[in-house]
$ cat target13.cif   # mmCIF, C-alpha atoms
data_model
loop_
_atom_site.label_atom_id
_atom_site.label_comp_id
_atom_site.auth_asym_id
_atom_site.auth_seq_id
_atom_site.Cartn_x
_atom_site.Cartn_y
_atom_site.Cartn_z
CA MET A 1 0.00 0.00 0.00
CA GLY A 2 1.11 3.54 -0.65
CA VAL A 3 1.53 6.25 1.95
CA LEU A 4 -1.15 8.45 0.42
CA SER A 5 -3.66 5.82 -0.69
CA ASN A 6 -4.85 2.32 0.25
CA LYS A 7 -6.83 1.95 -2.96
CA ILE A 8 -7.09 -1.59 -4.37
CA ALA A 9 -8.81 -3.40 -7.23
CA ARG A 10 -11.68 -5.78 -6.54
CA ASP A 11 -9.67 -8.79 -7.67
CA GLN A 12 -7.20 -8.03 -4.86
CA LEU A 13 -9.84 -8.47 -2.15
CA LYS A 14 -9.41 -11.25 0.39
CA THR A 15 -12.06 -12.75 2.64
CA GLY A 16 -11.93 -11.01 6.01
CA ASP A 17 -10.53 -7.74 4.65
CA HIS A 18 -11.56 -4.51 6.36
CA ILE A 19 -12.55 -2.25 3.47
CA TYR A 20 -13.78 1.31 3.18
CA SER A 21 -14.94 3.89 0.66
CA TRP A 22 -14.80 7.68 0.92
CA ARG A 23 -18.03 9.69 0.87
CA ASN A 24 -18.96 13.28 0.01
CA ALA A 25 -15.67 14.62 -1.32
CA TYR A 26 -13.57 12.68 1.21
CA ILE A 27 -15.35 14.13 4.23
CA TYR A 28 -16.04 10.73 5.69
CA ALA A 29 -15.39 7.05 4.92
CA HIS A 30 -17.72 4.10 5.35
CA HIS A 31 -16.19 0.84 6.62
CA GLY A 32 -17.12 -2.83 6.49
CA ILE A 33 -15.90 -6.42 6.42
CA TYR A 34 -15.64 -8.29 3.13
CA ILE A 35 -16.90 -11.86 3.61
CA GLY A 36 -16.38 -13.13 0.06
CA ASP A 37 -18.66 -13.73 -2.94
CA GLY A 38 -19.04 -9.98 -3.47
CA LYS A 39 -20.69 -9.45 -0.05
CA VAL A 40 -19.90 -6.98 2.73
CA ILE A 41 -21.16 -6.85 6.33
CA HIS A 42 -21.24 -3.30 7.70
CA PHE A 43 -22.78 -1.15 10.42
CA THR A 44 -24.86 1.83 9.35
CA ARG A 45 -27.75 4.15 9.88
CA GLY A 46 -30.45 4.16 7.23
CA ALA A 47 -32.78 6.90 5.99
CA GLY A 48 -29.93 9.08 4.73
CA GLN A 49 -28.31 9.91 8.10
CA GLU A 50 -25.36 7.68 8.71
CA ILE A 51 -23.34 10.10 10.78
CA GLY A 52 -26.18 10.44 13.29
CA THR A 53 -25.05 13.57 15.13
CA GLY A 54 -28.51 15.07 15.47
CA THR A 55 -27.21 18.29 13.89
CA ILE A 56 -27.17 19.90 10.46
CA LEU A 57 -24.31 17.53 9.56
CA ASP A 58 -26.92 14.80 9.21
CA LYS A 59 -28.21 16.58 6.12
CA ILE A 60 -24.73 16.96 4.64
CA ILE A 61 -23.22 13.53 5.15
CA PHE A 62 -25.63 11.01 3.73
CA SER A 63 -26.08 7.33 4.50
CA SER A 64 -23.41 5.01 3.14
CA SER A 65 -25.49 1.88 2.83
CA PRO A 66 -27.90 2.23 -0.10
CA ALA A 67 -26.55 2.58 -3.63
CA HIS A 68 -30.01 2.61 -5.21
CA PRO A 69 -33.05 4.82 -4.63
CA SER A 70 -35.99 3.17 -2.93
CA ASP A 71 -38.03 3.20 -6.16
CA ASN A 72 -35.26 1.26 -7.96
CA PRO A 73 -33.83 -1.13 -5.36
CA CYS A 74 -30.75 -3.28 -5.86
CA PRO A 75 -31.75 -6.66 -7.34
CA GLN A 76 -29.45 -8.39 -4.80
CA CYS A 77 -29.95 -6.33 -1.65
CA GLY A 78 -33.43 -4.88 -2.07
CA ASP A 79 -34.26 -1.51 -0.52
CA ASN A 80 -31.81 -0.72 2.29
CA THR A 81 -32.65 2.97 2.52
CA ARG A 82 -34.59 2.52 5.78
CA VAL A 83 -32.32 -0.08 7.40
CA ASP A 84 -30.32 0.59 10.57
CA GLY A 85 -27.70 -1.54 12.30
CA VAL A 86 -25.52 -4.35 10.98
CA ILE A 87 -26.49 -5.29 7.44
CA LEU A 88 -25.33 -7.46 4.55
CA SER A 89 -24.88 -5.75 1.19
CA CYS A 90 -23.40 -6.46 -2.21
CA ILE A 91 -20.14 -4.64 -2.75
CA ASP A 92 -21.75 -2.21 -5.22
CA CYS A 93 -24.26 -1.06 -2.61
CA PHE A 94 -21.49 -0.79 -0.03
CA LEU A 95 -19.25 1.30 -2.29
CA TYR A 96 -22.13 3.60 -3.23
CA GLY A 97 -20.33 4.53 -6.45
CA GLY A 98 -17.03 5.22 -4.69
CA ALA A 99 -13.59 3.63 -5.00
CA LEU A 100 -12.46 0.63 -2.95
CA TYR A 101 -9.80 0.92 -0.24
CA VAL A 102 -8.42 -1.59 2.26
CA PHE A 103 -7.69 -0.73 5.90
CA GLU A 104 -4.18 -1.75 7.02
CA TYR A 105 -3.29 -3.52 10.28
CA ASP A 106 -0.03 -4.00 12.19
CA VAL A 107 1.63 -0.98 10.56
CA SER A 108 4.74 0.65 11.99
CA PRO A 109 4.49 3.91 13.95
CA ALA A 110 6.40 5.62 11.14
CA LEU A 111 3.90 4.52 8.49
CA PHE A 112 0.99 5.39 10.77
CA LEU A 113 2.28 8.94 11.22
CA ALA A 114 3.05 9.25 7.53
CA LYS A 115 -0.64 8.79 6.75
CA PRO A 116 -2.07 12.33 6.94
CA ARG A 117 -5.65 11.10 7.35
CA GLY A 118 -7.00 8.96 10.19
CA GLY A 119 -9.21 5.94 9.62
CA THR A 120 -6.92 4.18 7.15
CA CYS A 121 -4.62 2.01 9.30
CA THR A 122 -3.74 0.95 12.84
CA LEU A 123 -0.79 -0.41 14.78
CA ALA A 124 -3.00 -3.20 16.12
CA PRO A 125 -2.60 -6.65 14.53
CA SER A 126 -5.55 -8.40 12.92
CA ASP A 127 -6.89 -11.75 14.05
CA PRO A 128 -7.11 -14.63 11.53
CA PRO A 129 -9.77 -14.26 8.79
CA GLU A 130 -11.94 -17.03 10.25
CA ASP A 131 -12.24 -15.12 13.54
CA VAL A 132 -13.03 -11.90 11.68
CA ILE A 133 -15.79 -13.53 9.63
CA HIS A 134 -17.23 -15.24 12.71
CA ARG A 135 -17.57 -11.93 14.57
CA ALA A 136 -19.05 -10.14 11.56
CA LYS A 137 -21.65 -12.85 10.88
CA PHE A 138 -22.53 -13.16 14.56
CA LEU A 139 -23.11 -9.42 14.83
CA LEU A 140 -25.14 -9.49 11.62
CA GLN A 141 -27.59 -11.72 13.46
CA ASN A 142 -27.34 -10.08 16.88
CA GLY A 143 -26.53 -6.41 16.34
CA PHE A 144 -23.77 -4.07 17.51
CA GLY A 145 -25.69 -1.63 19.69
CA GLY A 146 -26.73 1.89 18.79
CA TYR A 147 -24.85 3.94 16.22
CA ASP A 148 -22.73 6.74 17.71
CA VAL A 149 -20.42 8.81 15.52
CA PHE A 150 -17.71 9.08 18.21
CA LYS A 151 -18.03 5.84 20.18
CA ASN A 152 -19.73 3.20 18.02
CA ASN A 153 -19.58 3.83 14.30
CA CYS A 154 -18.92 1.79 11.16
CA GLU A 155 -15.15 1.92 11.60
CA ASP A 156 -15.45 0.82 15.24
CA PHE A 157 -17.52 -2.16 14.06
CA ALA A 158 -14.95 -3.21 11.46
CA ILE A 159 -12.01 -2.79 13.87
CA TYR A 160 -13.80 -4.89 16.50
CA CYS A 161 -14.44 -7.63 13.92
CA LYS A 162 -10.75 -7.59 12.97
CA THR A 163 -9.26 -7.43 16.47
CA GLY A 164 -11.90 -8.28 19.10
CA LEU A 165 -10.80 -5.19 21.02
CA LEU A 166 -13.24 -2.94 22.87
CA VAL A 167 -12.63 0.32 24.71
CA ILE A 168 -13.38 -0.23 28.40
CA THR A 169 -13.48 3.40 29.56
CA SER A 170 -16.41 5.74 29.15
CA ILE A 171 -14.53 9.03 28.86
CA SER A 172 -12.95 8.76 25.41
CA VAL A 173 -13.79 8.10 21.79
CA GLY A 174 -14.08 4.57 20.46
CA ARG A 175 -11.65 2.74 18.25
CA SER A 176 -12.36 4.87 15.18
CA GLY A 177 -9.34 6.58 13.64
CA GLN A 178 -11.66 9.07 11.96
CA ALA A 179 -13.15 10.20 15.27
CA ALA A 180 -9.69 10.31 16.86
CA SER A 181 -8.48 12.53 14.02
CA VAL A 182 -11.26 15.03 14.66
CA VAL A 183 -10.39 15.16 18.36
CA ALA A 184 -6.67 15.44 17.51
CA ALA A 185 -7.28 18.32 15.13
CA VAL A 186 -9.31 20.23 17.70
CA SER A 187 -6.69 19.59 20.38
CA ALA A 188 -3.91 20.81 18.10
CA VAL A 189 -5.76 24.07 17.47
CA ILE A 190 -7.01 25.03 20.92
CA SER A 191 -5.10 23.18 23.62
CA SER A 192 -1.38 23.18 22.82
CA PRO A 193 0.74 25.44 25.06
CA LEU A 194 3.59 24.98 22.54
CA ARG A 195 1.83 27.25 20.06
CA PHE A 196 3.01 30.25 22.08
CA LEU A 197 6.68 29.36 21.47
CA THR A 198 6.60 30.67 17.93
CA THR A 199 4.89 33.48 16.08
CA SER A 200 5.72 32.52 12.50
CA PHE A 201 3.05 30.87 10.36
CA SER A 202 5.37 27.99 9.44
CA GLY A 203 6.27 27.46 13.09
CA LEU A 204 2.65 27.43 14.17
CA ALA A 205 1.82 24.99 11.40
CA ALA A 206 4.67 22.68 12.41
CA VAL A 207 3.67 22.75 16.09
CA GLY A 208 0.02 22.18 15.26
CA TYR A 209 0.75 19.29 12.93
CA GLY A 210 3.09 17.73 15.48
CA MET A 211 0.40 17.86 18.15
CA TYR A 212 -2.09 16.41 15.69
CA CYS A 213 0.22 13.48 14.90
CA VAL A 214 1.00 12.73 18.55
CA SER A 215 -2.67 12.87 19.53
CA ARG A 216 -3.61 10.51 16.68
CA LEU A 217 -0.89 8.05 17.67
CA VAL A 218 -1.73 7.85 21.37
CA SER A 219 -5.43 7.38 20.49
CA ASP A 220 -4.79 4.42 18.18
CA ILE A 221 -6.30 1.11 19.25
CA GLY A 222 -2.89 -0.55 18.89
CA VAL A 223 -1.29 1.80 21.44
CA ARG A 224 -3.90 2.73 24.02
CA ARG A 225 -4.30 0.63 27.15
CA ASP A 226 -7.99 1.21 27.93
CA VAL A 227 -9.00 -1.75 25.76
CA ALA A 228 -9.71 -5.43 26.32
CA LYS A 229 -10.27 -8.48 24.16
CA VAL A 230 -13.97 -9.33 24.38
CA GLN A 231 -15.55 -12.45 22.88
CA VAL A 232 -18.39 -11.57 20.54
CA GLU A 233 -20.78 -14.00 22.25
CA ARG A 234 -20.18 -12.30 25.60
CA LEU A 235 -20.55 -8.86 24.07
CA VAL A 236 -23.98 -9.74 22.68
CA ALA A 237 -25.13 -11.73 25.71
CA HIS A 238 -24.31 -8.83 28.07
CA PRO A 239 -24.86 -5.58 26.11
CA SER A 240 -24.94 -3.55 29.35
CA LEU A 241 -21.55 -4.71 30.60
CA ASP A 242 -19.88 -2.00 32.67
CA ASP A 243 -16.25 -0.99 32.30
CA ALA A 244 -15.01 -3.12 35.20
CA SER A 245 -16.58 -6.32 33.91
CA LEU A 246 -15.23 -5.72 30.41
CA ALA A 247 -11.77 -5.39 31.88
CA THR A 248 -11.95 -8.95 33.22
CA ASP A 249 -11.84 -10.32 29.68
CA THR A 250 -8.54 -11.16 28.00
CA PRO A 251 -6.36 -8.04 28.12
CA LYS A 252 -4.63 -6.75 25.04
CA GLU A 253 -1.18 -8.19 24.66
CA GLU A 254 1.72 -5.88 25.40
#

$ encode --input "target13.cif" --output "structure tokens"
Amino acid sequence: MGVLSNKIARDQLKTGDHIYSWRNAYIYAHHGIYIGDGKVIHFTRGAGQEIGTGTILDKIIFSSSPAHPSDNPCPQCGDNTRVDGVILSCIDCFLYGGALYVFEYDVSPALFLAKPRGGTCTLAPSDPPEDVIHRAKFLLQNGFGGYDVFKNNCEDFAIYCKTGLLVITSISVGRSGQAASVVAAVSAVISSPLRFLTTSFSGLAAVGYGMYCVSRLVSDIGVRRDVAKVQVERLVAHPSLDDASLATDTPKEE
């Protein structure tokens, strides 16, 4: 994969891949798990409001699941325009007319920082494809909770399927690199005391970008320590598990 793009051709897809496609002029990417035979399992909000913020952004960033209007539904998937939660789609409906990209796992810190945009890779290693497919299919039948743009979105779903890792604290964003990038950008602008050490535009830009990179890195699922390995059956059987009980599951390896 290149530093600037993880774009791939369809014939390069492998079962268990975490894939994504950019939406609305690269504002946001939709993520899912490829399970083979041209099918993708992904987590979404229907009715044209995938981001689900409850603000005007819901009218700007449209749903990523349907690729066909309700009066001309996909012959394979039917009408998904009113579907919420974990769904199964053909790859055309998933891509929604966009290009295909693959999310990278077990990357080096240098490569992670070289990627200017979050939500494209992680330092965390992936589990074997059979484990990934098992989690995705199990959640297709049992759900993945309510959609939340910062704590439980489509990227969080795909990362959980790939790693089995869940955030066990309630004070931070989820596993999503996209959400972490937003928080990192805000932090770099308003909370860095280092910005007062220089008055030049280039200096301010360098300090801001450095803070952005550091914040992204420490928020990555492969680095942070407020995560635990949680079996998908336990996750579904006990959807109201508190932080302490989640922490009793298999901890993330050092």

$ atom_distance --input "target13.cif" --atom1 "CA of Gly32 (chain A)" --atom2 "CA of Thr44 (chain A)"
9.5 Å

$ atom_distance --input "target13.cif" --atom1 "CA of Ala99 (chain A)" --atom2 "CA of Ile35 (chain A)"
18.0 Å

$ closest_atom_pairs --input "target13.cif" --of "region 109-155 of chain A" --to "region 223-240 of chain A" --cutoff "8 Å" --atoms "all atoms listed in the file" --output "tab-separated table"
residue	atom	partner	partner_atom	distance
A:Leu123	CA	A:Val223	CA	7.0
A:Ala124	CA	A:Val223	CA	7.5
A:Arg135	CA	A:Val232	CA	6.0
A:Phe138	CA	A:Val232	CA	7.4
A:Leu139	CA	A:Val232	CA	7.7
A:Asn142	CA	A:Val236	CA	6.7
A:Gly143	CA	A:Val236	CA	7.6
A:Phe144	CA	A:Val236	CA	7.7
A:Gly145	CA	A:Pro239	CA	7.6

$ residues_around --input "target13.cif" --residues "region 15-25 of chain A" --least-positions-apart "2" --cutoff "6 Å" --atoms "only C-alpha atoms" --output "number ranges by chain"
A: 27-36, 95, 98-103, 129, 132-133

$ atom_distance --input "target13.cif" --atom1 "CA of Cys121 (chain A)" --atom2 "CA of Tyr105 (chain A)"
5.8 Å

$ resolve_selection --input "target13.cif" --expression "the PyMOL selection byres ((chain A and resi 77) around 8)" --output "list in words"
Pro73, Cys74, Pro75, Gln76, Gly78, Asp79, Asn80, Leu88, Ser89, Cys90 and Cys93 of chain A

$ closest_residue --input "target13.cif" --among "A:Tyr96, A:Ala114, A:Gly119, A:Arg45" --to "Val83 (chain A)" --atoms "all atoms listed in the file"
A:Arg45

$ closest_residue --input "target13.cif" --among "A:Ser219, A:Ser126, A:Ser176, A:Thr169" --to "Glu155 (chain A)" --atoms "only C-alpha atoms"
A:Ser176

$ closest_residue --input "target13.cif" --among "A:Gly38, A:His134, A:Val149, A:Arg216" --to "Gly164 (chain A)" --atoms "all atoms listed in the file"
A:His134

$ closest_residue --input "target13.cif" --among "A:Leu113, A:Cys154, A:Leu140, A:Val167" --to "Val214 (chain A)" --atoms "all atoms listed in the file"
A:Leu113
